[in-house]
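Here is run04.pdb, consisting of PDB, C-alpha atoms:
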ATOM      1  CA  MET T   1     116.518  88.140 108.083
ATOM      2  CA  ARG T   2     115.578  90.823 105.565
ATOM      3  CA  PHE T   3     117.020  93.772 107.476
ATOM      4  CA  ASP T   4     120.354  92.272 108.563
ATOM      5  CA  THR T   5     122.356  94.367 106.111
ATOM      6  CA  TYR T   6     120.227  97.506 106.339
ATOM      7  CA  ASP T   7     122.043 100.468 107.862
ATOM      8  CA  PRO T   8     120.077 103.739 108.323
ATOM      9  CA  GLY T   9     123.332 105.658 108.684
ATOM     10  CA  ASP T  10     123.174 109.203 110.054
ATOM     11  CA  PHE T  11     119.583 109.834 108.994
ATOM     12  CA  TYR T  12     116.571 109.430 111.241
ATOM     13  CA  ASP T  13     114.909 106.165 110.289
ATOM     14  CA  GLU T  14     111.248 105.526 111.170
ATOM     15  CA  LEU T  15     111.819 101.815 111.806
ATOM     16  CA  PHE T  16     115.381 101.454 113.091
ATOM     17  CA  ILE T  17     117.390 103.269 115.748
ATOM     18  CA  GLU T  18     120.576 101.875 114.225
ATOM     19  CA  LYS T  19     121.661  98.857 112.207
ATOM     20  CA  GLY T  20     119.954  95.737 113.544
ATOM     21  CA  LYS T  21     118.075  97.634 116.279
ATOM     22  CA  PRO T  22     114.376  98.292 115.528
ATOM     23  CA  ARG T  23     112.493 101.036 117.314
ATOM     24  CA  PRO T  24     110.250  99.541 120.047
ATOM     25  CA  GLN T  25     107.023 100.579 118.308
ATOM     26  CA  ALA T  26     108.226  99.060 115.017
ATOM     27  CA  LYS T  27     109.151  95.586 116.260
ATOM     28  CA  PRO T  28     105.772  93.941 115.450
ATOM     29  CA  VAL T  29     105.944  95.231 111.863
ATOM     30  CA  ILE T  30     109.569  94.171 111.437
ATOM     31  CA  ASN T  31     108.802  90.707 112.808
ATOM     32  CA  ARG T  32     105.819  90.346 110.495
ATOM     33  CA  ILE T  33     107.824  91.360 107.420
ATOM     34  CA  ASN T  34     110.605  88.943 108.367
ATOM     35  CA  SER T  35     108.043  86.139 108.595
ATOM     36  CA  LEU T  36     106.906  86.604 104.985
ATOM     37  CA  SER T  37     108.127  84.236 102.301
ATOM     38  CA  ASP T  38     110.374  85.424  99.469
ATOM     39  CA  GLY T  39     108.483  87.671  97.074
ATOM     40  CA  GLU T  40     105.432  87.957  99.323
ATOM     41  CA  LEU T  41     106.133  91.549 100.353
ATOM     42  CA  LEU T  42     106.339  92.594  96.701
ATOM     43  CA  GLN T  43     103.102  90.737  95.966
ATOM     44  CA  ARG T  44     101.362  92.601  98.778
ATOM     45  CA  GLN T  45     102.716  95.902  97.506
ATOM     46  CA  GLN T  46     101.352  95.157  94.031
ATOM     47  CA  ALA T  47      98.007  94.091  95.492
ATOM     48  CA  ALA T  48      97.799  97.334  97.463
ATOM     49  CA  GLN T  49      98.547  99.435  94.363
ATOM     50  CA  SER T  50      95.912  97.474  92.452
ATOM     51  CA  ALA T  51      93.381  98.185  95.194
ATOM     52  CA  MET T  52      94.222 101.899  94.996
ATOM     53  CA  PHE T  53      93.710 101.810  91.233
ATOM     54  CA  LYS T  54      90.330 100.075  91.534
ATOM     55  CA  LEU T  55      89.196 102.533  94.192
ATOM     56  CA  GLY T  56      90.133 105.413  91.891
ATOM     57  CA  ILE T  57      92.285 107.142  94.504
ATOM     58  CA  THR T  58      94.062 109.801  92.482
ATOM     59  CA  PHE T  59      95.717 113.168  92.923
ATOM     60  CA  THR T  60      96.164 116.056  90.524
ATOM     61  CA  VAL T  61      99.516 117.005  88.999
ATOM     62  CA  TYR T  62      99.243 120.526  87.649
ATOM     63  CA  GLY T  63     101.249 121.524  84.598
ATOM     64  CA  ASP T  64     102.106 117.958  83.559
ATOM     65  CA  SER T  65     101.772 117.405  79.817
ATOM     66  CA  GLU T  66     101.230 113.662  80.317
ATOM     67  CA  GLY T  67      97.997 114.201  82.213
ATOM     68  CA  ASN T  68      96.781 115.521  85.533
ATOM     69  CA  GLU T  69      95.369 112.481  87.327
ATOM     70  CA  ARG T  70      97.773 110.022  88.959
ATOM     71  CA  ILE T  71      97.154 107.027  91.201
ATOM     72  CA  PHE T  72      98.170 107.956  94.730
ATOM     73  CA  PRO T  73     101.434 106.166  95.674
ATOM     74  CA  PHE T  74     101.121 103.715  98.534
ATOM     75  CA  ASP T  75     103.987 102.551 100.742
ATOM     76  CA  ILE T  76     103.178  99.126 102.089
ATOM     77  CA  ILE T  77     105.518  99.619 105.057
ATOM     78  CA  PRO T  78     103.682 101.900 107.489
ATOM     79  CA  ARG T  79     105.096 104.938 109.257
ATOM     80  CA  ILE T  80     104.571 104.284 112.944
ATOM     81  CA  VAL T  81     104.164 107.163 115.378
ATOM     82  CA  ALA T  82     104.380 106.095 119.009
ATOM     83  CA  ALA T  83     101.505 107.108 121.302
ATOM     84  CA  ASN T  84     103.592 109.481 123.454
ATOM     85  CA  GLU T  85     104.996 111.171 120.361
ATOM     86  CA  TRP T  86     101.542 111.535 118.815
ATOM     87  CA  ALA T  87     100.235 113.061 122.043
ATOM     88  CA  THR T  88     102.846 115.823 121.697
ATOM     89  CA  LEU T  89     101.993 116.353 118.026
ATOM     90  CA  ASN T  90      98.292 116.408 118.839
ATOM     91  CA  ARG T  91      98.712 119.132 121.459
ATOM     92  CA  GLY T  92     100.949 121.162 119.172
ATOM     93  CA  LEU T  93      98.609 120.973 116.192
ATOM     94  CA  LYS T  94      95.630 122.031 118.312
ATOM     95  CA  GLN T  95      97.632 124.959 119.646
ATOM     96  CA  ARG T  96      98.719 125.871 116.120
ATOM     97  CA  ILE T  97      95.207 125.980 114.622
ATOM     98  CA  GLU T  98      94.034 128.056 117.600
ATOM     99  CA  ALA T  99      96.888 130.498 116.950
ATOM    100  CA  LEU T 100      95.993 130.653 113.246
ATOM    101  CA  ASN T 101      92.374 131.454 114.089
ATOM    102  CA  LEU T 102      93.468 134.193 116.478
ATOM    103  CA  PHE T 103      95.762 135.605 113.788
ATOM    104  CA  ILE T 104      92.986 135.753 111.180
ATOM    105  CA  ALA T 105      90.576 137.240 113.717
ATOM    106  CA  ASP T 106      93.098 139.967 114.507
ATOM    107  CA  ILE T 107      93.847 140.703 110.833
ATOM    108  CA  TYR T 108      90.128 141.262 110.171
ATOM    109  CA  GLY T 109      89.571 142.833 113.581
ATOM    110  CA  ASP T 110      91.729 145.146 115.688
ATOM    111  CA  GLN T 111      94.889 144.457 113.621
ATOM    112  CA  LYS T 112      97.070 144.655 116.740
ATOM    113  CA  ILE T 113      99.727 142.512 115.065
ATOM    114  CA  ILE T 114     100.065 145.224 112.407
ATOM    115  CA  LYS T 115      99.914 148.171 114.824
ATOM    116  CA  ASP T 116     102.600 146.550 116.989
ATOM    117  CA  GLY T 117     104.869 146.229 113.959
ATOM    118  CA  VAL T 118     105.054 142.445 114.054
ATOM    119  CA  ILE T 119     103.818 142.137 110.453
ATOM    120  CA  PRO T 120     104.119 144.974 107.867
ATOM    121  CA  ILE T 121     100.722 146.178 106.651
ATOM    122  CA  GLU T 122     101.938 145.987 103.034
ATOM    123  CA  LEU T 123     102.433 142.237 103.454
ATOM    124  CA  VAL T 124      98.798 141.815 104.481
ATOM    125  CA  LEU T 125      97.215 144.166 101.942
ATOM    126  CA  SER T 126      99.180 142.669  99.033
ATOM    127  CA  ALA T 127      98.250 139.072  99.920
ATOM    128  CA  LYS T 128      95.916 137.460  97.369
ATOM    129  CA  GLY T 129      93.937 135.807 100.129
ATOM    130  CA  PHE T 130      93.234 139.018 102.028
ATOM    131  CA  LEU T 131      89.594 140.068 101.611
ATOM    132  CA  LYS T 132      88.793 143.643 102.648
ATOM    133  CA  PRO T 133      85.015 142.942 102.853
ATOM    134  CA  CYS T 134      85.778 140.576 105.761
ATOM    135  CA  ILE T 135      87.126 143.393 107.946
ATOM    136  CA  GLY T 136      84.882 143.621 111.004
ATOM    137  CA  LEU T 137      83.228 140.275 110.294
ATOM    138  CA  LYS T 138      82.381 138.191 113.365
ATOM    139  CA  PRO T 139      81.981 134.500 112.426
ATOM    140  CA  PRO T 140      80.048 132.146 114.757
ATOM    141  CA  LYS T 141      82.047 131.365 117.892
ATOM    142  CA  GLY T 142      84.930 133.369 116.422
ATOM    143  CA  ILE T 143      86.076 130.437 114.292
ATOM    144  CA  TRP T 144      87.505 131.430 110.920
ATOM    145  CA  CYS T 145      89.239 128.189 110.122
ATOM    146  CA  HIS T 146      87.442 124.961 111.046
ATOM    147  CA  ILE T 147      89.981 122.632 109.472
ATOM    148  CA  THR T 148      93.556 122.957 108.295
ATOM    149  CA  GLY T 149      95.895 120.708 106.381
ATOM    150  CA  THR T 150      99.239 120.987 108.181
ATOM    151  CA  ASP T 151     102.175 119.401 106.369
ATOM    152  CA  LEU T 152     104.671 117.829 108.774
ATOM    153  CA  VAL T 153     108.146 116.505 108.043
ATOM    154  CA  ARG T 154     110.642 114.633 110.185
ATOM    155  CA  GLU T 155     114.157 116.046 110.025
ATOM    156  CA  LYS T 156     117.522 114.376 110.430
ATOM    157  CA  ASP T 157     117.498 115.188 114.141
ATOM    158  CA  GLY T 158     114.250 113.226 114.592
ATOM    159  CA  GLN T 159     112.200 116.337 115.359
ATOM    160  CA  TRP T 160     108.946 117.176 113.587
ATOM    161  CA  TYR T 161     108.707 120.455 111.692
ATOM    162  CA  VAL T 162     105.844 122.193 109.903
ATOM    163  CA  LEU T 163     106.322 122.792 106.190
ATOM    164  CA  GLU T 164     103.132 124.758 105.682
ATOM    165  CA  ASP T 165      99.540 125.237 106.801
ATOM    166  CA  ASN T 166      96.859 124.788 104.142
ATOM    167  CA  LEU T 167      93.860 126.845 105.204
ATOM    168  CA  ARG T 168      92.121 127.800 101.945
ATOM    169  CA  CYS T 169      91.308 124.314 100.687
ATOM    170  CA  PRO T 170      92.820 121.622 102.907
ATOM    171  CA  SER T 171      92.703 118.205 101.283
ATOM    172  CA  GLY T 172      94.154 114.764 101.759
ATOM    173  CA  VAL T 173      91.884 113.230 104.394
ATOM    174  CA  SER T 174      90.395 110.806 101.869
ATOM    175  CA  TYR T 175      93.911 109.459 101.275
ATOM    176  CA  VAL T 176      94.311 108.841 105.008
ATOM    177  CA  LEU T 177      91.022 106.956 105.245
ATOM    178  CA  GLU T 178      91.590 104.819 102.148
ATOM    179  CA  ASN T 179      95.259 104.184 102.947
ATOM    180  CA  ARG T 180      94.263 102.881 106.360
ATOM    181  CA  ARG T 181      91.650 100.601 104.793
ATOM    182  CA  VAL T 182      94.184  99.148 102.359
ATOM    183  CA  MET T 183      96.844  98.828 105.067
ATOM    184  CA  LYS T 184      94.463  96.899 107.329
ATOM    185  CA  SER T 185      93.780  94.421 104.537
ATOM    186  CA  THR T 186      97.519  94.126 103.807
ATOM    187  CA  PHE T 187      98.751  93.535 107.368
ATOM    188  CA  PRO T 188      95.693  92.458 109.403
ATOM    189  CA  GLN T 189      97.838  90.664 112.009
ATOM    190  CA  VAL T 190      99.694  93.881 112.841
ATOM    191  CA  PHE T 191      96.420  95.685 113.510
ATOM    192  CA  ARG T 192      95.248  92.856 115.731
ATOM    193  CA  THR T 193      98.418  92.830 117.855
ATOM    194  CA  MET T 194      99.078  96.593 118.097
ATOM    195  CA  ASP T 195      96.909  99.230 119.767
ATOM    196  CA  ILE T 196      96.494 101.486 116.723
ATOM    197  CA  GLN T 197      94.392 104.633 116.906
ATOM    198  CA  PRO T 198      91.388 104.388 114.516
ATOM    199  CA  VAL T 199      90.646 107.007 111.873
ATOM    200  CA  ASP T 200      87.195 105.767 110.816
ATOM    201  CA  GLU T 201      85.325 108.343 112.889
ATOM    202  CA  TYR T 202      86.977 111.333 111.210
ATOM    203  CA  PRO T 203      84.009 112.157 108.900
ATOM    204  CA  SER T 204      81.565 112.264 111.827
ATOM    205  CA  HIS T 205      83.970 114.436 113.848
ATOM    206  CA  LEU T 206      84.320 116.790 110.876
ATOM    207  CA  LEU T 207      80.536 117.035 110.491
ATOM    208  CA  GLU T 208      80.165 117.777 114.197
ATOM    209  CA  THR T 209      82.801 120.529 113.941
ATOM    210  CA  LEU T 210      81.186 122.155 110.927
ATOM    211  CA  LEU T 211      77.714 122.011 112.481
TER     212      LEU T 211
END

Let me see the file written as structure tokens.
Amino acid sequence: MRFDTYDPGDFYDELFIEKGKPRPQAKPVINRINSLSDGELLQRQQAAQSAMFKLGITFTVYGDSEGNERIFPFDIIPRIVAANEWATLNRGLKQRIEALNLFIADIYGDQKIIKDGVIPIELVLSAKGFLKPCIGLKPPKGIWCHITGTDLVREKDGQWYVLEDNLRCPSGVSYVLENRRVMKSTFPQVFRTMDIQPVDEYPSHLLETLL
């Protein structure tokens, strides 16, 4: 078996609880990988990278003398988030974007957060993204931010933490959509045996939100 000698140690591992003990949601993937012949996993990884190259899925590296455009790296072994864990993340992210909208509305509105001394006014006025002409503006339905790119990271304790919220120009959704397409072609059996949430309808949901 390919993972017999693998020991995650003290770090939180997405696939294993401890040495030789897969997480329940990861067992189908582990079993599928163990069923592959020698060298087949590497072949699938190379095929996936080739598909990314042909699709032209790139990202920009600023300040690199060797060039800006790079092929987006693809990990053939998926990160699996269990349904109950995703439900918690989903609620938290919705709450977070609502809080961000309320914060922006207050900054360009009554500025209670400044008057109450929670945030120094100098911090707001000196921010490059602060636009004085927007003071008093009332956007439709009070929504300032329709979409945000929230960067999440899993820490050693297994908890999820937010690195940052990208509100000005959130990007990365195209990577999610194309990665899923490549992953489905790489491990079709896993998608047939596991109840995996689809991402295909994201563009239509985004359009509905913007409209």

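Proximity to T:Pro140 was assessed for T:Thr209, T:Ser204, T:Gln111, T:Thr186 counting all atoms listed in the file; the smallest distance is recorded for T:Thr209.
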
Polymer residues at most 12 Å from T:Gln45, only C-alpha atoms, same-chain spacing of 2 or more positions, as a ChimeraX atom specification: /T:39-43,47-52,73-78,182-183,185-187

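This file, filtered with the PyMOL selection byres ((chain T and resi 99-106) around 10), gives the residues T:Leu93, T:Lys94, T:Gln95, T:Arg96, T:Ile97, T:Glu98, T:Ile107, T:Tyr108, T:Gly109, T:Asp110, T:Gln111, T:Lys112, T:Ile113, T:Ile114, T:Phe130, T:Cys134, T:Ile135, T:Gly136, T:Leu137, T:Lys138, T:Pro139, T:Gly142, T:Ile143, T:Trp144, T:Cys145, T:His146, T:Thr148, T:Asp165, T:Leu167.
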
Print the selection's residues with C-alpha atoms to a file, as a PDB file, in the frame of the given file.
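The result, stored in out.pdb:
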ATOM      1  CA  LEU T  93      98.609 120.973 116.192  1.00  0.00           C
ATOM      2  CA  LYS T  94      95.630 122.031 118.312  1.00  0.00           C
ATOM      3  CA  GLN T  95      97.632 124.959 119.646  1.00  0.00           C
ATOM      4  CA  ARG T  96      98.719 125.871 116.120  1.00  0.00           C
ATOM      5  CA  ILE T  97      95.207 125.980 114.622  1.00  0.00           C
ATOM      6  CA  GLU T  98      94.034 128.056 117.600  1.00  0.00           C
ATOM      7  CA  ILE T 107      93.847 140.703 110.833  1.00  0.00           C
ATOM      8  CA  TYR T 108      90.128 141.262 110.171  1.00  0.00           C
ATOM      9  CA  GLY T 109      89.571 142.833 113.581  1.00  0.00           C
ATOM     10  CA  ASP T 110      91.729 145.146 115.688  1.00  0.00           C
ATOM     11  CA  GLN T 111      94.889 144.457 113.621  1.00  0.00           C
ATOM     12  CA  LYS T 112      97.070 144.655 116.740  1.00  0.00           C
ATOM     13  CA  ILE T 113      99.727 142.512 115.065  1.00  0.00           C
ATOM     14  CA  ILE T 114     100.065 145.224 112.407  1.00  0.00           C
ATOM     15  CA  PHE T 130      93.234 139.018 102.028  1.00  0.00           C
ATOM     16  CA  CYS T 134      85.778 140.576 105.761  1.00  0.00           C
ATOM     17  CA  ILE T 135      87.126 143.393 107.946  1.00  0.00           C
ATOM     18  CA  GLY T 136      84.882 143.621 111.004  1.00  0.00           C
ATOM     19  CA  LEU T 137      83.228 140.275 110.294  1.00  0.00           C
ATOM     20  CA  LYS T 138      82.381 138.191 113.365  1.00  0.00           C
ATOM     21  CA  PRO T 139      81.981 134.500 112.426  1.00  0.00           C
ATOM     22  CA  GLY T 142      84.930 133.369 116.422  1.00  0.00           C
ATOM     23  CA  ILE T 143      86.076 130.437 114.292  1.00  0.00           C
ATOM     24  CA  TRP T 144      87.505 131.430 110.920  1.00  0.00           C
ATOM     25  CA  CYS T 145      89.239 128.189 110.122  1.00  0.00           C
ATOM     26  CA  HIS T 146      87.442 124.961 111.046  1.00  0.00           C
ATOM     27  CA  THR T 148      93.556 122.957 108.295  1.00  0.00           C
ATOM     28  CA  ASP T 165      99.540 125.237 106.801  1.00  0.00           C
ATOM     29  CA  LEU T 167      93.860 126.845 105.204  1.00  0.00           C
TER      30      LEU T 167
END

Pairwise distance for atom CA of T:Thr58 and atom CA of T:Arg79, rounded to one decimal in Å: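 One can read the atom CA of T:Thr58 to atom CA of T:Arg79 distance as 20.7 Å.
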
Proximity to T:Gln25 - best of T:Glu178, T:Asp4, T:Asp195, T:Glu201, only C-alpha atoms: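 Closest to T:Gln25, using only C-alpha atoms: T:Asp195.
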
Explicit residues for the PyMOL selection byres ((chain T and resi 26) around 10) (as a count of residues only): 18

Proximity to T:Lys54 - best of T:Glu155, T:Gly129, T:Glu164, T:Ile71, only C-alpha atoms: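 Of T:Glu155, T:Gly129, T:Glu164, T:Ile71, the one nearest T:Lys54, counting only C-alpha atoms, is T:Ile71.
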
From T:Asn179, T:Thr5, T:Thr150, T:Gln197, residue lying nearest T:Lys21 [only C-alpha atoms]: T:Thr5

Which residue of T:Ile17, T:Ile33, T:Ile121, T:Val153 approaches T:Gln189 most closely, using all atoms listed in the file: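 The answer is T:Ile33, which sits nearest to T:Gln189.
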
Picked residues, the PyMOL selection byres ((chain T and resi 6) around 10), expected as a list in words: Arg2, Phe3, Asp4, Thr5, Asp7, Pro8, Gly9, Phe16, Glu18, Lys19 and Gly20 of chain T

Atomic distance atom CA of T:Arg180 - atom CA of T:Phe72, expressed in Å with one decimal: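 Calculated distance between atom CA of T:Arg180 and atom CA of T:Phe72 is 13.3 Å.
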
Enclose stretch 164-181 of chain T, meaning all of its atoms listed in the file, in a box aligned along x, y and z, pad it by 5 Å on each side, and list the centre and edge lengths in Å to one decimal, as lines of an AutoDock Vina configuration file.
center_x = 96.8
center_y = 114.2
center_z = 103.7
size_x = 22.7
size_y = 37.2
size_z = 16.1

Contacts of T:Arg154 within 10 Å, only C-alpha atoms, excl. fewer than 6 positions in-chain, as a VMD selection string: chain T and resid 12 to 14 160 to 162

Missing atoms in stretch 34-45 of chain T need filling: write out N, CA, C and O atoms for it as a compact mmCIF listing (two decimals), in the coordinates of the input.
# COMPACT_ATOMS: atom_id res chain seq x y z
N ASN T 34 109.61 90.01 108.39
CA ASN T 34 110.60 88.94 108.37
C ASN T 34 109.97 87.56 108.24
O ASN T 34 110.62 86.61 107.78
N SER T 35 108.71 87.44 108.65
CA SER T 35 108.04 86.14 108.60
C SER T 35 107.48 85.82 107.21
O SER T 35 107.07 84.69 106.94
N LEU T 36 107.45 86.82 106.32
CA LEU T 36 106.91 86.60 104.98
C LEU T 36 107.87 85.79 104.13
O LEU T 36 109.08 85.87 104.28
N SER T 37 107.30 85.02 103.22
CA SER T 37 108.13 84.24 102.30
C SER T 37 108.73 85.14 101.24
O SER T 37 108.30 86.29 101.05
N ASP T 38 109.72 84.64 100.51
CA ASP T 38 110.37 85.42 99.47
C ASP T 38 109.36 85.87 98.41
O ASP T 38 108.57 85.06 97.91
N GLY T 39 109.37 87.14 98.11
CA GLY T 39 108.48 87.67 97.07
C GLY T 39 107.11 88.07 97.58
O GLY T 39 106.36 88.73 96.86
N GLU T 40 106.78 87.67 98.82
CA GLU T 40 105.43 87.96 99.32
C GLU T 40 105.22 89.44 99.60
O GLU T 40 104.14 89.99 99.38
N LEU T 41 106.26 90.12 100.08
CA LEU T 41 106.13 91.55 100.35
C LEU T 41 105.86 92.32 99.07
O LEU T 41 105.00 93.21 99.03
N LEU T 42 106.56 91.95 97.99
CA LEU T 42 106.34 92.59 96.70
C LEU T 42 104.93 92.32 96.19
O LEU T 42 104.26 93.20 95.65
N GLN T 43 104.46 91.09 96.38
CA GLN T 43 103.10 90.74 95.97
C GLN T 43 102.07 91.58 96.71
O GLN T 43 101.09 92.04 96.12
N ARG T 44 102.30 91.79 97.99
CA ARG T 44 101.36 92.60 98.78
C ARG T 44 101.40 94.07 98.35
O ARG T 44 100.38 94.75 98.35
N GLN T 45 102.60 94.53 98.00
CA GLN T 45 102.72 95.90 97.51
C GLN T 45 101.93 96.07 96.21
O GLN T 45 101.19 97.04 96.02
